[in-house]
$ cat target_18.csv   # CSV, C-alpha atoms
chain,number,residue,atom,x,y,z
T,600,MET,CA,-30.4,-9.4,-93.5
T,601,PRO,CA,-28.1,-12.5,-93.6
T,602,GLN,CA,-26.7,-11.7,-90.1
T,603,LEU,CA,-30.2,-12.2,-88.5
T,604,ASP,CA,-30.8,-15.5,-90.4
T,605,PHE,CA,-30.4,-17.7,-87.4
T,606,ALA,CA,-32.0,-20.6,-89.3
T,607,ASN,CA,-28.8,-20.8,-91.3
T,608,GLU,CA,-26.6,-23.2,-89.4
T,609,LEU,CA,-23.5,-21.3,-90.7
T,610,THR,CA,-24.5,-18.4,-88.4
T,611,LEU,CA,-24.1,-20.6,-85.3
T,612,ALA,CA,-21.1,-22.5,-86.7
T,613,GLN,CA,-19.4,-19.2,-87.2
T,614,VAL,CA,-19.7,-18.5,-83.5
T,615,VAL,CA,-18.3,-22.0,-82.6
T,616,TRP,CA,-15.3,-21.4,-84.8
T,617,LEU,CA,-15.0,-17.9,-83.3
T,618,VAL,CA,-14.8,-19.3,-79.8
T,619,LEU,CA,-12.1,-21.8,-80.9
T,620,ILE,CA,-10.1,-19.2,-82.9
T,621,PHE,CA,-10.4,-16.6,-80.2
T,622,LEU,CA,-9.3,-19.0,-77.5
T,623,ALA,CA,-6.3,-20.1,-79.5
T,624,LEU,CA,-5.4,-16.5,-80.3
T,625,TYR,CA,-5.7,-15.6,-76.6
T,626,LEU,CA,-3.5,-18.5,-75.5
T,627,LEU,CA,-0.9,-17.8,-78.1
T,628,LEU,CA,-0.8,-14.1,-77.3
T,629,SER,CA,-0.8,-14.5,-73.5
T,630,ARG,CA,1.7,-17.4,-73.3
T,631,TRP,CA,4.0,-16.6,-76.2
T,632,ALA,CA,3.7,-13.3,-78.2
T,633,LEU,CA,3.0,-10.8,-75.4
T,634,PRO,CA,5.7,-12.1,-73.0
T,635,MET,CA,8.1,-11.9,-76.0
T,636,VAL,CA,7.3,-8.3,-76.6
T,637,GLY,CA,7.3,-7.7,-72.8
T,638,ALA,CA,10.8,-9.2,-72.5
T,639,VAL,CA,12.1,-6.9,-75.2
T,640,LEU,CA,10.7,-3.9,-73.3
T,641,GLU,CA,12.1,-5.2,-70.0
T,642,HIS,CA,15.5,-5.8,-71.7
T,643,ARG,CA,15.5,-2.2,-72.9
T,644,ALA,CA,14.5,-0.9,-69.5
T,645,ALA,CA,17.3,-3.0,-67.8
T,646,THR,CA,19.9,-1.8,-70.4
T,647,ILE,CA,18.9,1.8,-69.8
T,648,ALA,CA,19.0,1.4,-66.1
T,649,THR,CA,22.5,-0.3,-66.2
T,650,ASP,CA,23.8,2.5,-68.5
T,651,LEU,CA,22.4,5.1,-66.2
T,652,ASP,CA,24.0,3.5,-63.2
T,653,ALA,CA,27.3,3.3,-65.0
T,654,ALA,CA,27.0,7.0,-66.0
T,655,ARG,CA,26.1,7.9,-62.4
T,656,GLN,CA,29.2,6.0,-61.1
T,657,SER,CA,31.4,7.7,-63.6
T,658,LYS,CA,30.0,11.1,-62.6
T,659,ASP,CA,30.7,10.3,-58.9
T,660,ALA,CA,34.2,9.3,-59.7
T,661,ALA,CA,34.7,12.5,-61.7
T,662,ASP,CA,33.3,14.5,-58.9
T,663,ALA,CA,35.6,12.9,-56.4
T,664,ALA,CA,38.6,13.6,-58.7
T,665,VAL,CA,37.6,17.2,-59.0
T,666,ALA,CA,37.2,17.5,-55.2
T,667,GLU,CA,40.7,15.9,-54.7
T,668,LEU,CA,42.2,18.3,-57.3
T,669,THR,CA,40.6,21.3,-55.6
T,670,ALA,CA,41.9,20.2,-52.2
T,671,ALA,CA,45.4,19.6,-53.6
T,672,THR,CA,45.3,23.0,-55.2
T,673,ARG,CA,44.2,24.6,-52.0
T,674,SER,CA,46.9,22.9,-49.8
T,675,ALA,CA,49.6,23.8,-52.4
T,676,GLN,CA,48.4,27.4,-52.3
T,677,ALA,CA,48.5,27.4,-48.5
T,678,THR,CA,52.0,26.0,-48.4
T,679,ALA,CA,53.2,28.5,-51.0
T,680,THR,CA,51.6,31.4,-49.0
T,681,ALA,CA,53.3,30.2,-45.8
T,682,GLN,CA,56.7,29.8,-47.5
T,683,ILE,CA,56.4,33.3,-49.0
T,684,ALA,CA,55.5,34.8,-45.6
T,685,GLY,CA,58.5,33.0,-44.0
T,686,ALA,CA,60.9,34.3,-46.6
T,687,VAL,CA,59.5,37.8,-46.2
T,688,ALA,CA,59.9,37.6,-42.4
T,689,THR,CA,63.5,36.3,-42.7
T,690,ALA,CA,64.4,39.0,-45.2
T,691,LYS,CA,62.9,41.7,-43.0
T,692,GLU,CA,64.8,40.4,-40.0
T,693,ALA,CA,68.1,40.4,-41.9
T,694,ALA,CA,67.4,43.9,-43.2
T,695,ALA,CA,66.6,45.1,-39.7
T,696,ALA,CA,69.8,43.6,-38.3
T,697,GLN,CA,71.9,45.2,-41.1
T,698,ALA,CA,70.2,48.5,-40.5
T,699,GLY,CA,71.0,48.2,-36.7
T,700,VAL,CA,74.7,47.6,-37.4
T,701,LEU,CA,74.8,50.5,-39.8
T,702,ASN,CA,73.1,52.8,-37.3
T,703,GLU,CA,75.5,51.9,-34.5
T,704,ARG,CA,78.5,52.6,-36.7
T,705,LEU,CA,77.0,55.9,-37.8
T,706,ASP,CA,76.1,56.8,-34.2
T,707,ALA,CA,79.7,56.0,-33.1
T,708,GLN,CA,81.1,58.2,-36.0
T,709,ILE,CA,78.7,61.0,-35.0
T,710,ALA,CA,79.7,60.7,-31.4
T,711,ALA,CA,83.4,60.9,-32.3
T,712,ALA,CA,82.8,63.8,-34.5
T,713,GLU,CA,81.0,65.6,-31.8
T,714,GLN,CA,83.8,65.0,-29.3
T,715,ARG,CA,86.3,66.4,-31.8
T,716,ILE,CA,84.1,69.4,-32.3
T,717,ALA,CA,83.8,69.9,-28.5
T,718,ALA,CA,87.6,69.6,-28.1
T,719,ALA,CA,88.3,72.1,-30.9
T,720,ARG,CA,85.8,74.4,-29.3
T,721,ALA,CA,87.4,74.1,-25.8
T,722,ALA,CA,90.8,74.7,-27.4
T,723,ALA,CA,89.5,77.7,-29.1
T,724,LEU,CA,87.9,79.0,-26.0
T,725,GLY,CA,91.2,78.5,-24.0
T,726,ALA,CA,93.2,80.5,-26.5
T,727,LEU,CA,90.7,83.3,-26.3
T,728,GLY,CA,91.8,84.5,-22.8
T,729,GLN,CA,95.5,84.6,-23.9
T,730,VAL,CA,94.6,86.6,-27.0
T,731,ALA,CA,92.4,89.0,-25.0
T,732,GLY,CA,95.1,89.5,-22.3
T,733,ASP,CA,97.8,90.2,-25.0
T,734,THR,CA,95.5,92.6,-26.8
T,735,ALA,CA,94.6,94.4,-23.5
T,736,GLU,CA,98.3,94.8,-22.6
T,737,ALA,CA,99.2,96.1,-26.0
T,738,VAL,CA,96.2,98.5,-25.9
T,739,VAL,CA,97.2,99.8,-22.4
T,740,SER,CA,100.9,100.2,-23.2
T,741,ARG,CA,100.1,102.2,-26.4
T,742,LEU,CA,97.6,104.4,-24.6
T,743,THR,CA,99.5,105.1,-21.4
T,744,GLY,CA,103.1,104.3,-22.3
T,745,ASN,CA,103.3,102.1,-19.1
T,746,THR,CA,103.4,98.4,-18.8
T,747,ILE,CA,100.6,96.8,-16.8
T,748,ASP,CA,100.8,94.0,-14.4
T,749,ARG,CA,100.2,90.7,-16.1
T,750,ALA,CA,98.0,89.3,-13.2
T,751,ILE,CA,95.6,92.3,-13.2
T,752,VAL,CA,95.0,91.9,-16.9
T,753,ALA,CA,94.4,88.2,-16.5
T,754,ARG,CA,91.9,88.8,-13.7
T,755,ALA,CA,90.0,91.5,-15.7
T,756,VAL,CA,89.8,89.2,-18.8
T,757,ALA,CA,88.6,86.4,-16.8
T,758,SER,CA,85.8,88.5,-15.1
T,759,ALA,CA,84.8,89.9,-18.5
T,760,MET,CA,84.6,86.5,-20.0
T,761,THR,CA,82.5,85.1,-17.3
T,762,ALA,CA,80.2,88.1,-17.5
T,763,ARG,CA,79.9,87.6,-21.2
T,764,ARG,CA,79.3,83.9,-20.9
T,765,ALA,CA,76.6,84.6,-18.3
T,766,ALA,CA,74.9,87.0,-20.6
V,905,MET,CA,-31.7,-8.6,-118.5
V,906,ALA,CA,-31.9,-5.0,-119.7
V,907,ALA,CA,-35.6,-4.9,-119.1
V,908,GLU,CA,-35.1,-5.9,-115.5
V,909,VAL,CA,-35.1,-3.1,-112.9
V,910,PRO,CA,-31.6,-3.0,-111.6
V,911,SER,CA,-31.5,-3.4,-107.9
V,912,ILE,CA,-28.8,-2.9,-105.4
V,913,ASP,CA,-27.9,-6.0,-103.3
V,914,ALA,CA,-26.3,-4.2,-100.4
V,915,LEU,CA,-26.7,-7.1,-98.0
V,916,GLY,CA,-25.5,-10.0,-100.1
V,917,GLN,CA,-21.9,-9.2,-99.0
V,918,PHE,CA,-22.8,-10.4,-95.5
V,919,LYS,CA,-24.0,-13.8,-96.6
V,920,LEU,CA,-22.0,-16.6,-95.2
V,921,HIS,CA,-20.6,-19.5,-97.2
V,922,THR,CA,-18.2,-22.2,-96.4
V,923,VAL,CA,-14.6,-22.1,-97.7
V,924,LEU,CA,-11.8,-24.5,-98.2
V,925,GLY,CA,-13.8,-26.8,-100.4
V,926,PRO,CA,-15.4,-30.0,-99.0
V,927,ILE,CA,-13.3,-30.1,-95.9
V,928,GLY,CA,-14.4,-26.6,-94.8
V,929,GLY,CA,-17.9,-27.5,-95.9
V,930,SER,CA,-18.0,-30.6,-93.7
V,931,VAL,CA,-17.1,-28.6,-90.6
V,932,ASN,CA,-19.0,-25.4,-91.6
V,933,PHE,CA,-15.8,-23.3,-91.8
V,934,THR,CA,-17.0,-20.0,-93.3
V,935,GLN,CA,-15.2,-17.1,-94.9
V,936,SER,CA,-15.9,-15.2,-91.7
V,937,ASN,CA,-13.8,-17.8,-89.7
V,938,LEU,CA,-11.1,-17.7,-92.4
V,939,MET,CA,-10.8,-14.0,-91.9
V,940,MET,CA,-10.6,-14.5,-88.1
V,941,VAL,CA,-7.7,-16.9,-88.7
V,942,VAL,CA,-6.0,-14.4,-91.1
V,943,ALA,CA,-6.5,-11.6,-88.5
V,944,GLY,CA,-5.0,-13.7,-85.7
V,945,GLY,CA,-2.2,-14.9,-87.9
V,946,LEU,CA,-1.3,-11.4,-89.0
V,947,LEU,CA,-1.4,-10.2,-85.4
V,948,LEU,CA,0.9,-13.0,-84.2
V,949,ALA,CA,3.2,-12.4,-87.2
V,950,MET,CA,3.4,-8.7,-86.5
V,951,LEU,CA,4.4,-9.3,-82.8
V,952,TYR,CA,6.8,-12.1,-83.7
V,953,VAL,CA,8.6,-10.2,-86.5
V,954,GLY,CA,8.5,-7.0,-84.5
V,955,ALA,CA,9.9,-8.4,-81.3
V,956,ARG,CA,12.5,-10.7,-82.9
V,957,PRO,CA,15.3,-8.1,-83.3
V,958,ARG,CA,15.2,-7.3,-79.6
V,959,ALA,CA,17.0,-4.1,-80.5
V,960,VAL,CA,17.4,-1.4,-77.8
V,961,VAL,CA,16.7,1.2,-80.5
V,962,PRO,CA,13.7,-0.3,-82.3
V,963,GLY,CA,13.1,-0.4,-86.0
V,964,ARG,CA,9.7,0.3,-87.5
V,965,LEU,CA,8.1,-3.1,-87.0
V,966,GLN,CA,9.5,-3.4,-83.5
V,967,ALA,CA,8.2,0.1,-82.7
V,968,LEU,CA,4.8,-1.0,-83.9
V,969,ALA,CA,4.8,-4.1,-81.8
V,970,GLU,CA,6.1,-2.2,-78.7
V,971,LEU,CA,3.6,0.6,-79.2
V,972,SER,CA,0.7,-1.9,-79.5
V,973,TYR,CA,1.9,-3.5,-76.3
V,974,ASP,CA,2.4,-0.2,-74.5
V,975,PHE,CA,-0.9,1.2,-75.7
V,976,ILE,CA,-3.1,-1.6,-74.4
V,977,TYR,CA,-0.9,-2.0,-71.3
V,978,GLY,CA,-1.3,1.6,-70.5
V,979,MET,CA,-5.0,1.5,-71.1
V,980,CYS,CA,-5.4,-1.5,-68.7
V,981,ALA,CA,-3.2,0.1,-66.1
V,982,GLU,CA,-5.0,3.4,-66.4
V,983,GLN,CA,-8.6,2.2,-66.5
V,984,ILE,CA,-8.5,-0.9,-64.3
V,985,GLY,CA,-5.6,0.0,-61.9
V,986,ASP,CA,-3.2,-2.4,-60.4
V,987,ALA,CA,-5.3,-5.5,-61.2
V,988,GLY,CA,-5.2,-4.4,-64.9
V,989,LYS,CA,-2.1,-6.5,-65.6
V,990,LYS,CA,-4.1,-9.7,-65.3
V,991,PHE,CA,-6.6,-8.6,-67.9
V,992,PHE,CA,-4.0,-7.1,-70.2
V,993,PRO,CA,-3.7,-10.2,-72.5
V,994,LEU,CA,-7.5,-10.4,-72.9
V,995,VAL,CA,-8.0,-6.7,-73.6
V,996,PHE,CA,-5.0,-6.9,-76.1
V,997,THR,CA,-6.6,-9.9,-77.8
V,998,LEU,CA,-10.0,-8.2,-78.0
V,999,PHE,CA,-8.7,-4.9,-79.3
V,1000,PHE,CA,-6.5,-6.3,-82.0
V,1001,PHE,CA,-8.8,-9.1,-83.0
V,1002,ILE,CA,-11.6,-6.6,-83.6
V,1003,LEU,CA,-9.2,-4.0,-85.1
V,1004,PHE,CA,-7.7,-6.5,-87.6
V,1005,GLY,CA,-11.2,-7.8,-88.4
V,1006,ASN,CA,-12.4,-4.3,-89.1
V,1007,VAL,CA,-9.5,-3.2,-91.2
V,1008,LEU,CA,-9.1,-6.4,-93.1
V,1009,GLY,CA,-12.8,-6.2,-93.9
V,1010,LEU,CA,-12.1,-3.0,-95.8
V,1011,LEU,CA,-10.0,-4.8,-98.4
V,1012,PRO,CA,-11.7,-5.8,-101.6
V,1013,PHE,CA,-13.1,-9.3,-101.8
V,1014,SER,CA,-12.5,-9.8,-98.1
V,1015,PHE,CA,-15.1,-10.3,-95.4
V,1016,THR,CA,-15.8,-8.3,-92.2
V,1017,PHE,CA,-16.5,-10.8,-89.4
V,1018,THR,CA,-17.3,-7.9,-87.0
V,1019,SER,CA,-20.4,-7.1,-89.2
V,1020,HIS,CA,-22.1,-10.2,-87.8
V,1021,ILE,CA,-24.2,-9.7,-84.7
V,1022,ALA,CA,-23.6,-13.3,-83.8
V,1023,VAL,CA,-19.9,-12.6,-83.6
V,1024,THR,CA,-20.0,-9.3,-81.8
V,1025,ALA,CA,-22.7,-10.7,-79.4
V,1026,ALA,CA,-20.5,-13.7,-78.6
V,1027,LEU,CA,-17.6,-11.3,-77.8
V,1028,ALA,CA,-19.8,-9.0,-75.7
V,1029,ILE,CA,-21.3,-11.9,-73.8
V,1030,MET,CA,-17.9,-13.3,-73.1
V,1031,VAL,CA,-16.9,-9.9,-71.8
V,1032,ILE,CA,-19.9,-9.5,-69.5
V,1033,VAL,CA,-19.7,-13.0,-68.2
V,1034,LEU,CA,-16.0,-12.5,-67.4
V,1035,VAL,CA,-16.8,-9.1,-65.7
V,1036,THR,CA,-19.5,-10.8,-63.6
V,1037,VAL,CA,-17.2,-13.7,-62.7
V,1038,VAL,CA,-14.4,-11.3,-61.8
V,1039,ALA,CA,-16.8,-9.2,-59.7
V,1040,LEU,CA,-18.1,-12.2,-57.8
V,1041,ALA,CA,-14.5,-13.5,-57.3
V,1042,TYR,CA,-13.3,-10.2,-55.9
V,1043,HIS,CA,-16.3,-9.3,-53.8
V,1044,GLY,CA,-18.4,-12.4,-53.3
V,1045,LEU,CA,-22.1,-11.7,-52.7
V,1046,HIS,CA,-21.1,-8.1,-51.7
V,1047,PHE,CA,-21.1,-7.6,-55.5
V,1048,PHE,CA,-24.9,-7.3,-55.5
V,1049,THR,CA,-24.6,-4.0,-53.6
V,1050,TYR,CA,-23.4,-2.7,-57.0
V,1051,PHE,CA,-27.1,-2.5,-58.0
V,1052,PHE,CA,-27.9,-0.2,-55.1
V,1053,PRO,CA,-25.4,2.6,-54.6
V,1054,ALA,CA,-24.5,3.3,-51.0
V,1055,GLY,CA,-26.1,6.4,-49.6
V,1056,ALA,CA,-29.1,6.4,-51.9
V,1057,PRO,CA,-32.5,6.8,-50.1
V,1058,LYS,CA,-34.0,3.4,-49.2
V,1059,LEU,CA,-37.3,4.6,-50.5
V,1060,LEU,CA,-36.0,4.8,-54.1
V,1061,ALA,CA,-34.8,1.2,-54.0
V,1062,PRO,CA,-37.7,-0.1,-56.1
V,1063,ILE,CA,-36.7,2.3,-58.8
V,1064,ILE,CA,-32.9,2.3,-58.6
V,1065,VAL,CA,-32.4,-1.5,-58.4
V,1066,PRO,CA,-34.3,-2.4,-61.6
V,1067,VAL,CA,-32.7,0.5,-63.4
V,1068,GLU,CA,-29.3,-0.6,-62.3
V,1069,ILE,CA,-30.0,-4.2,-63.3
V,1070,ILE,CA,-31.3,-3.2,-66.7
V,1071,SER,CA,-28.3,-0.9,-67.2
V,1072,TYR,CA,-26.0,-3.8,-66.3
V,1073,LEU,CA,-27.7,-6.2,-68.6
V,1074,SER,CA,-27.9,-3.7,-71.5
V,1075,ARG,CA,-24.1,-3.5,-71.5
V,1076,PRO,CA,-23.5,-6.6,-73.7
V,1077,VAL,CA,-26.4,-5.5,-76.0
V,1078,SER,CA,-25.0,-2.0,-76.5
V,1079,LEU,CA,-21.5,-3.4,-76.8
V,1080,SER,CA,-22.4,-5.9,-79.5
V,1081,ILE,CA,-24.9,-3.7,-81.4
V,1082,ARG,CA,-22.5,-0.7,-81.5
V,1083,LEU,CA,-19.8,-2.6,-83.3
V,1084,PHE,CA,-22.1,-4.6,-85.5
V,1085,ALA,CA,-24.2,-1.6,-86.6
V,1086,ASN,CA,-21.1,0.6,-87.3
V,1087,MET,CA,-19.6,-2.1,-89.5
V,1088,VAL,CA,-22.8,-3.0,-91.3
V,1089,ALA,CA,-23.7,0.6,-92.0
V,1090,GLY,CA,-20.2,1.4,-93.4
V,1091,HIS,CA,-20.1,-1.6,-95.7
V,1092,VAL,CA,-23.7,-1.1,-96.9
V,1093,MET,CA,-22.9,2.5,-97.8
V,1094,LEU,CA,-19.7,1.4,-99.6
V,1095,GLU,CA,-21.7,-1.2,-101.5
V,1096,VAL,CA,-24.5,1.2,-102.4
V,1097,PHE,CA,-22.2,3.9,-103.8
V,1098,ALA,CA,-20.2,1.3,-105.7
V,1099,SER,CA,-23.4,-0.1,-107.2
V,1100,PHE,CA,-24.5,3.4,-108.1
V,1101,MET,CA,-21.2,3.9,-109.9
V,1102,VAL,CA,-21.6,0.7,-112.0
V,1103,MET,CA,-25.3,1.3,-112.7
V,1104,MET,CA,-24.7,4.9,-113.9
V,1105,ALA,CA,-21.8,3.8,-116.1
V,1106,GLY,CA,-23.9,1.0,-117.5
V,1107,ALA,CA,-27.2,2.9,-118.1
V,1108,LEU,CA,-26.0,6.3,-119.3
V,1109,GLY,CA,-23.0,5.5,-121.4
V,1110,ALA,CA,-20.3,8.2,-121.6
V,1111,ILE,CA,-22.2,10.7,-119.4
V,1112,GLY,CA,-22.8,8.0,-116.9
V,1113,VAL,CA,-19.0,7.2,-116.8
V,1114,ILE,CA,-18.3,10.9,-116.1
V,1115,GLY,CA,-21.2,11.1,-113.6
V,1116,ALA,CA,-19.9,8.0,-111.8
V,1117,VAL,CA,-16.9,10.0,-110.6
V,1118,GLY,CA,-19.3,11.4,-107.9
V,1119,PRO,CA,-20.0,8.2,-106.1
V,1120,LEU,CA,-16.4,7.1,-106.6
V,1121,ALA,CA,-15.2,10.2,-104.8
V,1122,LEU,CA,-17.7,9.6,-102.1
V,1123,ASN,CA,-16.5,6.0,-101.7
V,1124,VAL,CA,-12.9,7.2,-101.5
V,1125,ALA,CA,-13.8,9.5,-98.7
V,1126,LEU,CA,-15.9,6.8,-97.1
V,1127,ILE,CA,-13.0,4.4,-97.1
V,1128,GLY,CA,-11.0,6.9,-95.1
V,1129,PHE,CA,-13.9,7.4,-92.7
V,1130,GLU,CA,-14.4,3.6,-92.4
V,1131,LEU,CA,-10.7,3.3,-91.5
V,1132,LEU,CA,-11.3,5.7,-88.7
V,1133,VAL,CA,-14.4,3.8,-87.6
V,1134,ALA,CA,-12.5,0.6,-87.7
V,1135,PHE,CA,-9.9,1.9,-85.2
V,1136,LEU,CA,-12.5,3.8,-83.2
V,1137,GLN,CA,-14.9,0.9,-82.7
V,1138,ALA,CA,-12.1,-1.5,-81.7
V,1139,TYR,CA,-10.9,1.2,-79.2
V,1140,VAL,CA,-14.4,1.7,-77.9
V,1141,PHE,CA,-14.9,-2.1,-77.4
V,1142,ALA,CA,-11.6,-2.4,-75.6
V,1143,ILE,CA,-12.0,0.7,-73.4
V,1144,LEU,CA,-15.5,-0.3,-72.4
V,1145,THR,CA,-14.2,-3.7,-71.5
V,1146,CYS,CA,-11.6,-2.0,-69.3
V,1147,ILE,CA,-14.2,0.2,-67.7
V,1148,TYR,CA,-16.5,-2.7,-66.9
V,1149,LEU,CA,-13.5,-4.6,-65.5
V,1150,HIS,CA,-12.7,-1.6,-63.4
V,1151,ASP,CA,-16.3,-1.6,-62.0
V,1152,ALA,CA,-16.0,-5.3,-61.4
V,1153,VAL,CA,-12.7,-4.9,-59.4
V,1154,HIS,CA,-13.6,-1.7,-57.6
V,1155,LEU,CA,-17.4,-1.7,-57.5
V,1156,HIS,CA,-18.1,1.9,-58.5

$ encode --input "target_18.csv" --output "structure tokens"
Amino acid sequence: MPQLDFANELTLAQVVWLVLIFLALYLLLSRWALPMVGAVLEHRAATIATDLDAARQSKDAADAAVAELTAATRSAQATATAQIAGAVATAKEAAAAQAGVLNERLDAQIAAAEQRIAAARAAALGALGQVAGDTAEAVVSRLTGNTIDRAIVARAVASAMTARRAA
Amino acid sequence: MAAEVPSIDALGQFKLHTVLGPIGGSVNFTQSNLMMVVAGGLLLAMLYVGARPRAVVPGRLQALAELSYDFIYGMCAEQIGDAGKKFFPLVFTLFFFILFGNVLGLLPFSFTFTSHIAVTAALAIMVIVLVTVVALAYHGLHFFTYFFPAGAPKLLAPIIVPVEIISYLSRPVSLSIRLFANMVAGHVMLEVFASFMVMMAGALGAIGVIGAVGPLALNVALIGFELLVAFLQAYVFAILTCIYLHDAVHLH
């Protein structure tokens, strides 16, 4: 087996060169190549972190804008509601006032009408005694042929009418 | 020639010879060392070409470089813990040096430097010396309690301590022989089946050529298997280094 031929000086020389080459490779890798690759990775990580930060800030700004919009909408709604309520109240008041005026006029008209009715009624009732007296005189003169004293008739009519009214 | 019994020279492929003419010869620079330089050069080129675009969305080569970095970095962080960052360049160098050595060795006419016990043993001894130095640096003489776990009955000390010491010392042996044996076995098998193929075709004519398809198919499958072994053994070497370093930093 050539690998176990340690009498061959090349076997040992190979190891000496191995040490030199490995050391050189280690130094080149640790000082130059690996930091280079590491820098690329760090650069990517930094880029991603920056982008994420920017995205987060944009999101925050958007959220704030949305909140502002919501608040503005809400306040506008509240203002509108208050204005509507005020308008309704004013309209109601006006309507109530108008209705009051109308009612008063109607009441006055009703009262006047009732007075007229009462007057007419009183007039009618006053005429009734005269009519009843005339009728009673005519009835008596036709039945008896005599005239009757006007005062007696009037008294009888009055007592009859009060009796009737009491009944 | 025809009368000679054909033999399979499965081990000749591991023979060292100097390269680069008289200059290489004068400093005993072998083909094994040439492949080490090629492996290191390819690794550096891969990282340089990969990292150069510095793109946020990586291309293929950049993804390869970054994945290599992340893979070993993750392994160190996971196995060793917070102290793993310090050992990351070493584990990275070890893993990719061995991986490139294994994979490049599968190419025709190339050479597998990890199939030399001298090379794997040198790497393993380096690892174990480093582990011991790290352990002593972290824990001072307290490190020697590693050989006698706390809470074990004192009576068993004569048994436990030698066992622990032997187990500690056998680490570089198993580390180096595992890699070496895997690589040698694979390349010997490839050589044997390839030789079968040539011998069959040479000795049996047309029937032999048809029959040689068998060993050829086996070799195709073996190459795939060896590719797996190349990655696996590099991974095993790196992860065991990490585990040993974890022991050195945390003592059990």

$ interface_residues --input "target_18.csv" --of "chain T" --to "chain V" --cutoff "10 Å" --atoms "all atoms listed in the file" --output "number ranges by chain"
T: 600-605, 607-640, 642-644, 646-647

$ closest_residue --input "target_18.csv" --among "V:Leu1060, V:Val1113, V:Val1007, V:Ile1029" --to "Glu1130 of chain V" --atoms "all atoms listed in the file"
V:Val1007

$ residues_around --input "target_18.csv" --residues "segment 1133-1143 of chain V" --least-positions-apart "6" --cutoff "9 Å" --atoms "only C-alpha atoms" --output "ChimeraX atom specification"
/V:976,979-980,983,995-996,998-1007,1010,1028,1079-1080,1082-1083,1086-1087,1090

$ write_last_selection --input "target_18.csv" --atoms "C-alpha atoms" --output "PDB file, keeping the file's coordinate frame"
ATOM      1  CA  ILE V 976      -3.100  -1.600 -74.400  1.00  0.00           C
ATOM      2  CA  MET V 979      -5.000   1.500 -71.100  1.00  0.00           C
ATOM      3  CA  CYS V 980      -5.400  -1.500 -68.700  1.00  0.00           C
ATOM      4  CA  GLN V 983      -8.600   2.200 -66.500  1.00  0.00           C
ATOM      5  CA  VAL V 995      -8.000  -6.700 -73.600  1.00  0.00           C
ATOM      6  CA  PHE V 996      -5.000  -6.900 -76.100  1.00  0.00           C
ATOM      7  CA  LEU V 998     -10.000  -8.200 -78.000  1.00  0.00           C
ATOM      8  CA  PHE V 999      -8.700  -4.900 -79.300  1.00  0.00           C
ATOM      9  CA  PHE V1000      -6.500  -6.300 -82.000  1.00  0.00           C
ATOM     10  CA  PHE V1001      -8.800  -9.100 -83.000  1.00  0.00           C
ATOM     11  CA  ILE V1002     -11.600  -6.600 -83.600  1.00  0.00           C
ATOM     12  CA  LEU V1003      -9.200  -4.000 -85.100  1.00  0.00           C
ATOM     13  CA  PHE V1004      -7.700  -6.500 -87.600  1.00  0.00           C
ATOM     14  CA  GLY V1005     -11.200  -7.800 -88.400  1.00  0.00           C
ATOM     15  CA  ASN V1006     -12.400  -4.300 -89.100  1.00  0.00           C
ATOM     16  CA  VAL V1007      -9.500  -3.200 -91.200  1.00  0.00           C
ATOM     17  CA  LEU V1010     -12.100  -3.000 -95.800  1.00  0.00           C
ATOM     18  CA  ALA V1028     -19.800  -9.000 -75.700  1.00  0.00           C
ATOM     19  CA  LEU V1079     -21.500  -3.400 -76.800  1.00  0.00           C
ATOM     20  CA  SER V1080     -22.400  -5.900 -79.500  1.00  0.00           C
ATOM     21  CA  ARG V1082     -22.500  -0.700 -81.500  1.00  0.00           C
ATOM     22  CA  LEU V1083     -19.800  -2.600 -83.300  1.00  0.00           C
ATOM     23  CA  ASN V1086     -21.100   0.600 -87.300  1.00  0.00           C
ATOM     24  CA  MET V1087     -19.600  -2.100 -89.500  1.00  0.00           C
ATOM     25  CA  GLY V1090     -20.200   1.400 -93.400  1.00  0.00           C
TER      26      GLY V1090
END

$ atom_distance --input "target_18.csv" --atom1 "atom CA of Val1102 of chain V" --atom2 "atom CA of Ala1116 of chain V"
7.5 Å

$ atom_distance --input "target_18.csv" --atom1 "atom CA of Leu1126 of chain V" --atom2 "atom CA of Asp913 of chain V"
18.6 Å

$ atom_distance --input "target_18.csv" --atom1 "atom CA of Leu1131 of chain V" --atom2 "atom CA of Pro1012 of chain V"
13.6 Å

$ decode --input "target_18.csv" --residues "segment 981-997 of chain V" --atoms "C-alpha atoms" --output "PDB file, in the first residue's frame"
ATOM      1  CA  ALA V 981     -23.626  27.557  16.125  1.00  0.00           C
ATOM      2  CA  GLU V 982     -25.777  24.494  16.697  1.00  0.00           C
ATOM      3  CA  GLN V 983     -23.060  22.096  17.829  1.00  0.00           C
ATOM      4  CA  ILE V 984     -20.607  24.357  19.656  1.00  0.00           C
ATOM      5  CA  GLY V 985     -22.924  27.107  20.822  1.00  0.00           C
ATOM      6  CA  ASP V 986     -22.027  30.760  21.232  1.00  0.00           C
ATOM      7  CA  ALA V 987     -18.306  30.090  21.050  1.00  0.00           C
ATOM      8  CA  GLY V 988     -18.853  28.443  17.660  1.00  0.00           C
ATOM      9  CA  LYS V 989     -18.279  31.695  15.757  1.00  0.00           C
ATOM     10  CA  LYS V 990     -14.586  31.594  16.582  1.00  0.00           C
ATOM     11  CA  PHE V 991     -14.145  28.126  15.128  1.00  0.00           C
ATOM     12  CA  PHE V 992     -16.342  28.721  12.101  1.00  0.00           C
ATOM     13  CA  PRO V 993     -13.481  29.532   9.662  1.00  0.00           C
ATOM     14  CA  LEU V 994     -11.585  26.425  10.720  1.00  0.00           C
ATOM     15  CA  VAL V 995     -14.570  24.097  10.396  1.00  0.00           C
ATOM     16  CA  PHE V 996     -15.413  25.725   7.065  1.00  0.00           C
ATOM     17  CA  THR V 997     -11.862  25.193   5.816  1.00  0.00           C
TER      18      THR V 997
END
